[in-house]
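Remarks on the structure that follows.
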Amino acid sequence: MRLSTRIGLAVGCTVPLLVLAAGWLLLHLVARDLHRAEDQHLKQRATALAPQARALLRATANDRSKAADTRERQLFSAALDVGVRVTAADADFRGGPQPGPATPLPAHATAPVTVHDGARGWRVLSRPVRVADGNGTLWVFAPDTADRTQLRLVRRRVLLSALLAAPLSGLLAWGLAAGAGAPLRRLTRRTAGLDPRTSTARLDHRPTGVTEVDELAATVRTVLARYDEQAARTAEALDTARSFSSAAAHELRTPLMSMGTNLDILAGHPTLPAADRDEIVADLRGEHARLLNLLVMLRALGRGDLVEAESLGAVDVSELAEAAVAGARRAAPDADVRLDAAPGVTVHGWEPGLRMLLDNLVGNALAHGRDERGRAVVRVGVYDGPHQVTITVDDQGPGVPPDARESVFERFRRGPGSDGSGLGLTLVAQQAALHRGSVTVADAPGGTGARFEVRLPSGDGGLPGRRDWLIGTAGTNQSQGFPKKPS
């Protein structure tokens with residue numbers, strides 16, 4: 001049912017009720033005013049007739065019939081436009097318009113009351129009349145004008161007005177609602193052709209001056225914008241999934257083929273010497289570890305591409321660095337890993353991503369930052385600046401050649417002899433970009449080794465507009481890099 005029809009029906013039902021209520025109130029007020037005027041007149045007539053009624057009862061009590069007749073005529077003449085009845089123990093005088101003898105009267109009517117003689121109503125007032133030989137009662141009657149034909153006619157007209165008001169008010173309300181709903185219908189026509197799945201066209205709404213319509217149009221635009229955002233994120237997620245499968249298939253092909261060859265050798269040569277068998281098993285374990293590490297790193301890279309703004313919050317970088325250093329000490333007990341961090345250094349970021357950044361930087365230093373004697377000396381620093389937080393990781397290894405300092409962060413870049421996934425530093429670069437920061441590599445202080453430096457803004461900069469670290473570097477699939485000394 002259309003809104004204008006609903007409004008018309010609602011008004012068509014409400015207005016007659018309001019007319020009836022107003023008519024009932026009007027009749028009640030008019031009847032009360034009429035009763036007030038009638039009652040005042042009855043009281044005045046009763047006060048004026050009381051001496052005549054007293055004289056009539058006194059003459060009747062003294063058996064003076066002629067005097068009683070005279071007093072009765074005087075009483076009825078003085079009554080004028082009201083009916084009169086005087087009653088006593090042995091007397092009953094009636095004159096003028098009044099209810100019939102069978103109509104019961106109240107025992108006392110010191111205040112005017114209404115009695116009914118069939119379909120006709122009467123206002124009645126009584127006054128006690130005291131004489132020496134007994135007491136009587138003076139009754140004064142007047143037709144109840146509040147129950148007359150005029151009021152009944154007004155009542156019928158009120159009912160007729162209510163019946164006519166129902167369709168007329170309903171039609172009028174429907175017409176007004178239809179006119180007022182024109183901006184809403186135009187908005188409906190504009191939005192009916194919008195299909196965000198097949199078209200990039202969006203709602204072009206100009207303010208109409210109708211608050212509800214303009215708010216609805218703003219809501220529609222917001223919903224479409226959220227749909228576009230979600231569709232873009234869904235497309236990114238699909239691209240990430242496709243790139244993940246493509247990268248995994250490409251990188252897993254060689255180790256899986258190698259593992260298959262080793263397994264064929266083991267199966268085809270049951271009498272293989274123990275030394276050769278142990279070497280093949282060691283190769284299988286190494287390939288298995290590499291595959292597992294590759295899948296873990298690809299998954300982490302995919303999580304970084306798909307993280308939402310709701311996941312970001314205040315992160316204590318000092319605590320994360322302390323945890324990363326403690327983990328590195330457990331993993332490499334022979335290494336010298338130390339932390340220099342001021343307490344309470346915080347940024348607005350994604351805590352799991354920042355922990356991965358620190359773990360990979362420290363892990364890279366342990367793997368490729370050993371000196372000629374195989375010792376690993378790693379220094380981690382966290383420093384709080386005016387507008388940014390700086391994280392440094394220094395090692396005493398061979399360092400990174402200047403011409404390789406840009407490509408070292410590309411996906412699947414591995415140096416000769418490296419058994420890593422080639423994604424550790426890519427993940428570091430991804431997390432730095434995710435937090436609107438930067439990562440660079442240079443010579444370590446003293447000229448020996450490498451320094452990886454990450455700079456993160458202290459404030460809330462939000463997420464970057466584009467995140468495609470798993471997708472955008474998909475073309476770099478060759479294991480190219482700089483020479484690193486194997487551990």
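Each chain in the structure tokens gets a letter, A, B and so on, in the order shown; residues start at 1 in every chain, and ligands are counted from 1 in the order they appear.
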Residue contacts of A:Asp81 (10 Å, only C-alpha atoms) excluding same-chain residues fewer than 3 positions away, as an mmCIF file with C-alpha atoms, in the first residue's frame:
data_model
loop_
_atom_site.group_PDB
_atom_site.id
_atom_site.type_symbol
_atom_site.label_atom_id
_atom_site.label_comp_id
_atom_site.auth_asym_id
_atom_site.auth_seq_id
_atom_site.Cartn_x
_atom_site.Cartn_y
_atom_site.Cartn_z
ATOM 1 C CA HIS A 41 -35.105 30.830 36.516
ATOM 2 C CA LEU A 42 -36.646 28.012 38.605
ATOM 3 C CA ARG A 45 -39.788 31.587 40.540
ATOM 4 C CA PHE A 76 -51.129 30.018 39.522
ATOM 5 C CA SER A 77 -51.256 33.572 38.139
ATOM 6 C CA ALA A 78 -47.897 34.380 39.740
ATOM 7 C CA VAL A 84 -46.562 24.662 40.185
ATOM 8 C CA GLY A 96 -49.312 24.950 34.753
ATOM 9 C CA PRO A 97 -47.167 22.598 32.627
ATOM 10 C CA PHE A 141 -41.485 22.597 36.980
ATOM 11 C CA ALA A 142 -40.060 23.746 33.642
ATOM 12 C CA PRO A 143 -39.552 21.832 30.383
#
Subject >> Spatial neighbours of stretch 349-353 of chain A, 10 Å, only C-alpha atoms, chain gap at least 2 places, as an NGL selection string >> reply: :A and (300-301 or 303-304 or 307-317 or 320 or 346-347 or 355-359 or 427-428 or 430-432 or 434-436 or 456-463)
What would the file look like if the residues just selected were written as a compact mmCIF listing (two decimals), in the first residue's frame with N, CA, C and O atoms?
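Result file follows (again06.txt):
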# COMPACT_ATOMS: atom_id res chain seq x y z
N ALA A 300 51.09 -14.89 5.93
CA ALA A 300 51.29 -13.63 6.64
C ALA A 300 51.21 -12.45 5.68
O ALA A 300 50.63 -11.40 5.99
N LEU A 301 51.79 -12.61 4.47
CA LEU A 301 51.73 -11.54 3.49
C LEU A 301 50.29 -11.26 3.06
O LEU A 301 49.87 -10.12 2.89
N ARG A 303 47.58 -11.82 4.90
CA ARG A 303 46.90 -11.16 6.03
C ARG A 303 47.18 -9.67 6.03
O ARG A 303 46.30 -8.85 6.29
N GLY A 304 48.43 -9.29 5.73
CA GLY A 304 48.77 -7.87 5.70
C GLY A 304 48.05 -7.14 4.60
O GLY A 304 47.66 -5.97 4.78
N VAL A 307 44.17 -6.71 5.96
CA VAL A 307 43.82 -6.20 7.28
C VAL A 307 42.88 -5.00 7.15
O VAL A 307 43.01 -4.18 6.23
N GLU A 308 41.92 -4.90 8.06
CA GLU A 308 40.95 -3.81 8.05
C GLU A 308 41.32 -2.75 9.09
O GLU A 308 42.08 -3.01 10.03
N ALA A 309 40.76 -1.55 8.91
CA ALA A 309 41.08 -0.44 9.81
C ALA A 309 40.64 -0.73 11.24
O ALA A 309 41.22 -0.20 12.20
N GLU A 310 39.57 -1.55 11.41
CA GLU A 310 39.09 -1.86 12.76
C GLU A 310 40.12 -2.63 13.57
O GLU A 310 40.03 -2.69 14.81
N SER A 311 41.09 -3.26 12.90
CA SER A 311 42.09 -4.05 13.60
C SER A 311 43.22 -3.20 14.16
O SER A 311 44.06 -3.72 14.90
N LEU A 312 43.28 -1.93 13.81
CA LEU A 312 44.37 -1.07 14.25
C LEU A 312 44.06 -0.46 15.61
O LEU A 312 42.90 -0.20 15.94
N GLY A 313 45.11 -0.22 16.39
CA GLY A 313 44.95 0.40 17.69
C GLY A 313 46.31 0.82 18.23
O GLY A 313 47.34 0.76 17.54
N ALA A 314 46.32 1.26 19.47
CA ALA A 314 47.57 1.68 20.10
C ALA A 314 48.44 0.46 20.39
O ALA A 314 47.98 -0.51 21.01
N VAL A 315 49.69 0.49 19.93
CA VAL A 315 50.61 -0.64 20.09
C VAL A 315 51.88 -0.13 20.77
O VAL A 315 52.46 0.88 20.35
N ASP A 316 52.28 -0.83 21.81
CA ASP A 316 53.53 -0.51 22.51
C ASP A 316 54.67 -1.20 21.76
O ASP A 316 54.89 -2.41 21.90
N VAL A 317 55.43 -0.44 20.98
CA VAL A 317 56.50 -1.00 20.17
C VAL A 317 57.64 -1.50 21.06
O VAL A 317 58.30 -2.49 20.73
N LEU A 320 56.79 -5.01 22.13
CA LEU A 320 56.93 -5.94 21.02
C LEU A 320 58.40 -6.24 20.72
O LEU A 320 58.78 -7.39 20.46
N THR A 346 54.83 4.14 21.64
CA THR A 346 53.62 3.58 21.02
C THR A 346 53.37 4.19 19.65
O THR A 346 53.77 5.33 19.37
N VAL A 347 52.71 3.42 18.82
CA VAL A 347 52.21 3.89 17.52
C VAL A 347 50.80 3.36 17.36
O VAL A 347 50.35 2.47 18.08
N ARG A 355 54.69 -7.09 15.07
CA ARG A 355 55.48 -8.18 15.63
C ARG A 355 56.16 -8.98 14.51
O ARG A 355 57.33 -9.38 14.63
N MET A 356 55.43 -9.22 13.40
CA MET A 356 56.06 -9.91 12.28
C MET A 356 57.21 -9.10 11.71
O MET A 356 58.26 -9.64 11.33
N LEU A 357 57.06 -7.78 11.65
CA LEU A 357 58.12 -6.91 11.16
C LEU A 357 59.38 -7.08 12.01
O LEU A 357 60.50 -7.26 11.49
N LEU A 358 59.22 -7.01 13.32
CA LEU A 358 60.37 -7.14 14.22
C LEU A 358 60.98 -8.53 14.15
O LEU A 358 62.22 -8.69 14.09
N ASP A 359 60.13 -9.56 14.16
CA ASP A 359 60.65 -10.94 14.10
C ASP A 359 61.44 -11.18 12.83
O ASP A 359 62.52 -11.83 12.85
N LEU A 427 57.87 -8.94 3.65
CA LEU A 427 56.86 -8.75 4.69
C LEU A 427 57.19 -7.53 5.54
O LEU A 427 56.29 -6.78 5.95
N VAL A 428 58.48 -7.29 5.79
CA VAL A 428 58.89 -6.08 6.53
C VAL A 428 58.47 -4.83 5.77
O VAL A 428 57.90 -3.88 6.33
N GLN A 430 56.15 -4.60 3.53
CA GLN A 430 54.68 -4.51 3.50
C GLN A 430 54.15 -3.87 4.77
O GLN A 430 53.28 -2.99 4.74
N GLN A 431 54.63 -4.32 5.93
CA GLN A 431 54.14 -3.78 7.19
C GLN A 431 54.52 -2.32 7.38
O GLN A 431 53.75 -1.53 7.93
N ALA A 432 55.71 -1.94 6.91
CA ALA A 432 56.09 -0.52 6.98
C ALA A 432 55.14 0.33 6.14
O ALA A 432 54.68 1.39 6.57
N LEU A 434 52.10 -0.55 5.23
CA LEU A 434 50.76 -0.65 5.83
C LEU A 434 50.57 0.40 6.91
O LEU A 434 49.47 0.93 7.09
N HIS A 435 51.63 0.73 7.64
CA HIS A 435 51.56 1.73 8.70
C HIS A 435 51.99 3.11 8.22
O HIS A 435 52.34 3.97 9.03
N ARG A 436 52.00 3.30 6.89
CA ARG A 436 52.36 4.57 6.26
C ARG A 436 53.77 5.02 6.67
O ARG A 436 54.04 6.21 6.83
N LEU A 456 58.10 4.90 11.44
CA LEU A 456 56.62 4.82 11.49
C LEU A 456 56.08 6.11 12.07
O LEU A 456 56.61 6.63 13.07
N PRO A 457 55.02 6.70 11.47
CA PRO A 457 54.42 7.91 12.05
C PRO A 457 53.79 7.62 13.39
O PRO A 457 53.21 6.55 13.61
N SER A 458 53.88 8.59 14.30
CA SER A 458 53.33 8.40 15.65
C SER A 458 51.81 8.50 15.65
O SER A 458 51.14 7.82 16.43
N GLY A 459 51.24 9.35 14.80
CA GLY A 459 49.79 9.56 14.83
C GLY A 459 49.04 8.51 14.05
O GLY A 459 49.61 7.57 13.49
N ASP A 460 47.71 8.69 14.04
CA ASP A 460 46.81 7.78 13.33
C ASP A 460 46.67 8.24 11.89
O ASP A 460 45.93 9.16 11.58
N GLY A 461 47.42 7.59 10.99
CA GLY A 461 47.33 7.98 9.59
C GLY A 461 46.36 7.15 8.79
O GLY A 461 46.12 7.41 7.61
N GLY A 462 45.76 6.10 9.39
CA GLY A 462 44.84 5.25 8.66
C GLY A 462 45.58 4.29 7.74
O GLY A 462 46.82 4.28 7.66
N LEU A 463 44.82 3.49 7.03
CA LEU A 463 45.40 2.52 6.11
C LEU A 463 45.73 3.17 4.78
O LEU A 463 45.05 4.11 4.35
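Among the candidates A:Val113, A:Val140, A:Val154, A:Leu171, the residue lying nearest to A:Val82 is A:Val140 (atoms considered: only C-alpha atoms).
Neighbours of A:Ala335 closer than or equal to 12 Å, with only C-alpha atoms counted and sequence neighbours fewer than 6 positions away skipped, come out as Val325, Ala326, Gly327, Ala328, Arg329, Val362, Gly363, Ala365, Leu366, Ala367, Gly369, Arg370, Asp371, Gly374, Arg375, Ala376, Val377, Val378, Arg379, Asp395 and Gln396 of chain A.
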Produce a file of the selected residues containing all heavy atoms, as a CSV table (one decimal), in the first residue's frame.
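Now in selection.csv:
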chain,number,residue,atom,x,y,z
A,325,VAL,N,63.1,-9.9,20.8
A,325,VAL,CA,64.5,-10.1,21.2
A,325,VAL,C,64.5,-11.4,22.1
A,325,VAL,O,65.4,-12.2,21.9
A,325,VAL,CB,65.0,-8.9,21.9
A,325,VAL,CG1,66.4,-9.3,22.6
A,325,VAL,CG2,65.3,-7.8,20.9
A,326,ALA,N,63.5,-11.5,23.0
A,326,ALA,CA,63.5,-12.7,23.8
A,326,ALA,C,63.3,-14.0,23.0
A,326,ALA,O,64.0,-15.0,23.2
A,326,ALA,CB,62.4,-12.6,24.9
A,327,GLY,N,62.5,-13.9,22.0
A,327,GLY,CA,62.3,-15.0,21.1
A,327,GLY,C,63.5,-15.4,20.3
A,327,GLY,O,63.8,-16.6,20.1
A,328,ALA,N,64.2,-14.3,19.9
A,328,ALA,CA,65.5,-14.6,19.1
A,328,ALA,C,66.5,-15.2,20.0
A,328,ALA,O,67.3,-16.1,19.5
A,328,ALA,CB,66.0,-13.3,18.5
A,329,ARG,N,66.6,-14.8,21.2
A,329,ARG,CA,67.6,-15.4,22.2
A,329,ARG,C,67.3,-16.9,22.4
A,329,ARG,O,68.2,-17.7,22.5
A,329,ARG,CB,67.6,-14.7,23.5
A,329,ARG,CG,68.2,-13.3,23.4
A,329,ARG,CD,68.0,-12.5,24.7
A,329,ARG,NE,68.6,-11.2,24.6
A,329,ARG,CZ,68.3,-10.2,25.4
A,329,ARG,NH1,67.4,-10.4,26.4
A,329,ARG,NH2,68.9,-9.0,25.3
A,362,VAL,N,64.9,-9.2,12.9
A,362,VAL,CA,65.8,-9.9,13.8
A,362,VAL,C,66.2,-11.2,13.2
A,362,VAL,O,67.4,-11.6,13.2
A,362,VAL,CB,65.2,-10.0,15.2
A,362,VAL,CG1,66.2,-10.8,16.1
A,362,VAL,CG2,64.9,-8.7,15.8
A,363,GLY,N,65.3,-12.0,12.7
A,363,GLY,CA,65.6,-13.3,12.0
A,363,GLY,C,66.5,-13.1,10.9
A,363,GLY,O,67.4,-14.0,10.6
A,365,ALA,N,68.7,-10.7,10.5
A,365,ALA,CA,70.0,-10.4,11.0
A,365,ALA,C,70.7,-11.7,11.5
A,365,ALA,O,72.0,-11.8,11.4
A,365,ALA,CB,69.9,-9.4,12.1
A,366,LEU,N,70.0,-12.6,12.2
A,366,LEU,CA,70.6,-13.8,12.7
A,366,LEU,C,71.0,-14.7,11.5
A,366,LEU,O,72.1,-15.4,11.6
A,366,LEU,CB,69.6,-14.5,13.6
A,366,LEU,CG,69.3,-13.9,14.9
A,366,LEU,CD1,68.2,-14.6,15.7
A,366,LEU,CD2,70.6,-13.8,15.8
A,367,ALA,N,70.3,-14.7,10.5
A,367,ALA,CA,70.5,-15.6,9.4
A,367,ALA,C,71.7,-15.1,8.5
A,367,ALA,O,72.5,-15.9,8.0
A,367,ALA,CB,69.3,-15.9,8.5
A,369,GLY,N,73.6,-12.0,9.1
A,369,GLY,CA,74.4,-11.0,9.7
A,369,GLY,C,75.5,-11.5,10.5
A,369,GLY,O,76.0,-10.8,11.4
A,370,ARG,N,75.9,-12.7,10.3
A,370,ARG,CA,77.0,-13.3,11.1
A,370,ARG,C,78.4,-12.9,10.5
A,370,ARG,O,78.5,-12.7,9.3
A,370,ARG,CB,77.0,-14.8,11.2
A,370,ARG,CG,75.7,-15.3,11.9
A,370,ARG,CD,75.6,-16.8,12.0
A,370,ARG,NE,74.4,-17.2,12.7
A,370,ARG,CZ,74.4,-17.5,14.0
A,370,ARG,NH1,75.5,-17.3,14.7
A,370,ARG,NH2,73.2,-17.8,14.6
A,371,ASP,N,79.4,-12.7,11.3
A,371,ASP,CA,80.7,-12.3,10.9
A,371,ASP,C,81.4,-13.5,10.3
A,371,ASP,O,80.9,-14.6,10.1
A,371,ASP,CB,81.5,-11.6,12.0
A,371,ASP,CG,81.7,-12.6,13.2
A,371,ASP,OD1,81.5,-13.8,13.0
A,371,ASP,OD2,81.9,-12.1,14.3
A,374,GLY,N,81.4,-16.7,12.2
A,374,GLY,CA,80.1,-17.3,12.4
A,374,GLY,C,79.3,-16.8,13.6
A,374,GLY,O,78.3,-17.3,14.0
A,375,ARG,N,79.9,-15.7,14.2
A,375,ARG,CA,79.2,-15.1,15.4
A,375,ARG,C,78.1,-14.1,14.9
A,375,ARG,O,78.3,-13.4,13.9
A,375,ARG,CB,80.2,-14.4,16.3
A,375,ARG,CG,81.2,-15.3,16.9
A,375,ARG,CD,82.1,-14.5,17.8
A,375,ARG,NE,82.8,-13.4,17.1
A,375,ARG,CZ,83.6,-12.5,17.7
A,375,ARG,NH1,83.8,-12.6,19.0
A,375,ARG,NH2,84.1,-11.6,16.9
A,376,ALA,N,77.0,-14.1,15.7
A,376,ALA,CA,75.9,-13.2,15.4
A,376,ALA,C,75.8,-12.2,16.5
A,376,ALA,O,75.5,-12.5,17.6
A,376,ALA,CB,74.6,-13.9,15.2
A,377,VAL,N,76.0,-10.9,16.2
A,377,VAL,CA,75.9,-9.8,17.1
A,377,VAL,C,74.8,-8.9,16.5
A,377,VAL,O,75.0,-8.2,15.5
A,377,VAL,CB,77.2,-9.0,17.3
A,377,VAL,CG1,77.0,-7.9,18.3
A,377,VAL,CG2,78.3,-10.0,17.8
A,378,VAL,N,73.7,-8.8,17.2
A,378,VAL,CA,72.5,-8.1,16.7
A,378,VAL,C,72.1,-7.0,17.8
A,378,VAL,O,72.0,-7.3,19.0
A,378,VAL,CB,71.3,-9.0,16.4
A,378,VAL,CG1,70.1,-8.2,15.9
A,378,VAL,CG2,71.7,-10.1,15.4
A,379,ARG,N,71.9,-5.8,17.3
A,379,ARG,CA,71.5,-4.7,18.2
A,379,ARG,C,70.1,-4.1,17.6
A,379,ARG,O,70.0,-3.7,16.5
A,379,ARG,CB,72.5,-3.6,18.2
A,379,ARG,CG,73.9,-4.0,18.8
A,379,ARG,CD,73.7,-4.3,20.3
A,379,ARG,NE,75.0,-4.8,20.8
A,379,ARG,CZ,75.4,-6.0,21.0
A,379,ARG,NH1,74.5,-7.0,20.6
A,379,ARG,NH2,76.6,-6.4,21.5
A,395,ASP,N,73.5,-5.5,12.3
A,395,ASP,CA,74.2,-6.7,12.5
A,395,ASP,C,75.7,-6.5,12.1
A,395,ASP,O,76.1,-5.4,11.7
A,395,ASP,CB,73.6,-7.8,11.6
A,395,ASP,CG,73.6,-7.5,10.1
A,395,ASP,OD1,74.7,-7.1,9.6
A,395,ASP,OD2,72.5,-7.6,9.5
A,396,GLN,N,76.6,-7.5,12.1
A,396,GLN,CA,78.0,-7.4,11.8
A,396,GLN,C,78.4,-8.3,10.7
A,396,GLN,O,79.5,-8.8,10.6
A,396,GLN,CB,78.8,-7.6,13.1
A,396,GLN,CG,78.7,-6.5,14.1
A,396,GLN,CD,79.6,-6.7,15.3
A,396,GLN,OE1,80.4,-7.7,15.3
A,396,GLN,NE2,79.4,-5.9,16.3
Subject >> Residue neighbourhood A:Leu34, 9 Å, only C-alpha atoms, exclusion window fewer than 4 positions, as an NGL selection string >> reply: :A and (29-30 or 38-39 or 144-146)
Original post:
Quick one: distance from atom CA of A:Met259 to atom CA of A:Leu423 in Å, one decimal?
Top reply: 21.5 Å
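Rounded to one decimal, atom CA of A:Thr114 and atom CA of A:His35 lie 9.6 Å from each other.
Atom to atom, atom CA of A:Arg54 and atom CA of A:Arg94 stand 14.5 Å apart.
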**OP:** Looking only at alpha helix (DSSP H) from DSSP on the backbone, list the matching residues of stretch 296-379 of chain A as a PyMOL selection string.
**Re:** chain A and resi 296-306+317-331+351-368
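Here the question is which of A:Gly447, A:Leu27, A:Ser438, A:Val213 gets nearest to A:Gly397 using only C-alpha atoms, and that residue is A:Gly447.
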Subject >> Residues within 10 Å of A:Leu163, only C-alpha atoms, excluding chain neighbours under 6 positions, as a list in words >> reply: Gly12, Val15, Pro16, Leu17, Val19, Leu20 and Arg157 of chain A
Give me a file of those residues, with C-alpha atoms, as a short mmCIF file (atom, residue, chain, number, x, y, z; two decimals), in the first residue's frame.
data_model
loop_
_atom_site.label_atom_id
_atom_site.label_comp_id
_atom_site.auth_asym_id
_atom_site.auth_seq_id
_atom_site.Cartn_x
_atom_site.Cartn_y
_atom_site.Cartn_z
CA GLY A 12 -10.16 9.57 7.06
CA VAL A 15 -11.02 13.22 11.51
CA PRO A 16 -14.54 11.75 12.06
CA LEU A 17 -13.52 10.71 15.55
CA VAL A 19 -15.57 15.66 14.85
CA LEU A 20 -17.61 13.35 17.07
CA ARG A 157 -25.93 17.23 12.28
#
Quick one: everything within 8 Å of stretch 3-8 of chain A, counting only C-alpha atoms, minus sequence neighbours fewer than 5 positions away in the same chain. Send it as a PDB file with N, CA, C and O atoms, in the first residue's frame.
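Wrote selection.pdb, looks like this:
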ATOM      1  N   SER A 169     -12.047  14.220   4.157  1.00  0.00           N
ATOM      2  CA  SER A 169     -10.719  14.401   4.762  1.00  0.00           C
ATOM      3  C   SER A 169      -9.738  13.366   4.242  1.00  0.00           C
ATOM      4  O   SER A 169      -8.551  13.653   4.050  1.00  0.00           O
ATOM      5  N   GLY A 170     -10.225  12.128   4.008  1.00  0.00           N
ATOM      6  CA  GLY A 170      -9.352  11.098   3.463  1.00  0.00           C
ATOM      7  C   GLY A 170      -8.848  11.464   2.077  1.00  0.00           C
ATOM      8  O   GLY A 170      -7.653  11.325   1.779  1.00  0.00           O
ATOM      9  N   LEU A 171      -9.732  11.922   1.208  1.00  0.00           N
ATOM     10  CA  LEU A 171      -9.321  12.320  -0.137  1.00  0.00           C
ATOM     11  C   LEU A 171      -8.371  13.517  -0.105  1.00  0.00           C
ATOM     12  O   LEU A 171      -7.386  13.567  -0.850  1.00  0.00           O
ATOM     13  N   LEU A 172      -8.697  14.497   0.748  1.00  0.00           N
ATOM     14  CA  LEU A 172      -7.826  15.669   0.847  1.00  0.00           C
ATOM     15  C   LEU A 172      -6.437  15.270   1.349  1.00  0.00           C
ATOM     16  O   LEU A 172      -5.413  15.717   0.813  1.00  0.00           O
ATOM     17  N   ALA A 173      -6.409  14.429   2.381  1.00  0.00           N
ATOM     18  CA  ALA A 173      -5.105  13.990   2.904  1.00  0.00           C
ATOM     19  C   ALA A 173      -4.343  13.186   1.869  1.00  0.00           C
ATOM     20  O   ALA A 173      -3.121  13.313   1.738  1.00  0.00           O
ATOM     21  N   TRP A 174      -5.052  12.335   1.127  1.00  0.00           N
ATOM     22  CA  TRP A 174      -4.390  11.552   0.078  1.00  0.00           C
ATOM     23  C   TRP A 174      -3.774  12.464  -0.980  1.00  0.00           C
ATOM     24  O   TRP A 174      -2.648  12.246  -1.419  1.00  0.00           O
ATOM     25  N   GLY A 175      -4.531  13.500  -1.391  1.00  0.00           N
ATOM     26  CA  GLY A 175      -4.001  14.429  -2.388  1.00  0.00           C
ATOM     27  C   GLY A 175      -2.792  15.189  -1.880  1.00  0.00           C
ATOM     28  O   GLY A 175      -1.789  15.325  -2.587  1.00  0.00           O
ATOM     29  N   ALA A 177      -0.764  14.264   0.561  1.00  0.00           N
ATOM     30  CA  ALA A 177       0.346  13.323   0.744  1.00  0.00           C
ATOM     31  C   ALA A 177       0.967  12.944  -0.596  1.00  0.00           C
ATOM     32  O   ALA A 177       2.189  12.790  -0.696  1.00  0.00           O
ATOM     33  N   ALA A 178       0.111  12.786  -1.606  1.00  0.00           N
ATOM     34  CA  ALA A 178       0.655  12.453  -2.927  1.00  0.00           C
ATOM     35  C   ALA A 178       1.538  13.580  -3.450  1.00  0.00           C
ATOM     36  O   ALA A 178       2.604  13.341  -4.037  1.00  0.00           O
ATOM     37  N   GLY A 181       4.746  13.632  -1.461  1.00  0.00           N
ATOM     38  CA  GLY A 181       5.590  12.471  -1.726  1.00  0.00           C
ATOM     39  C   GLY A 181       6.228  12.477  -3.094  1.00  0.00           C
ATOM     40  O   GLY A 181       6.922  11.516  -3.447  1.00  0.00           O
TER      41      GLY A 181
END
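Of the listed residues (A:Arg451, A:Arg405, A:Arg338, A:Arg221), A:Arg451 comes nearest to A:Asn364; the distances count only C-alpha atoms.
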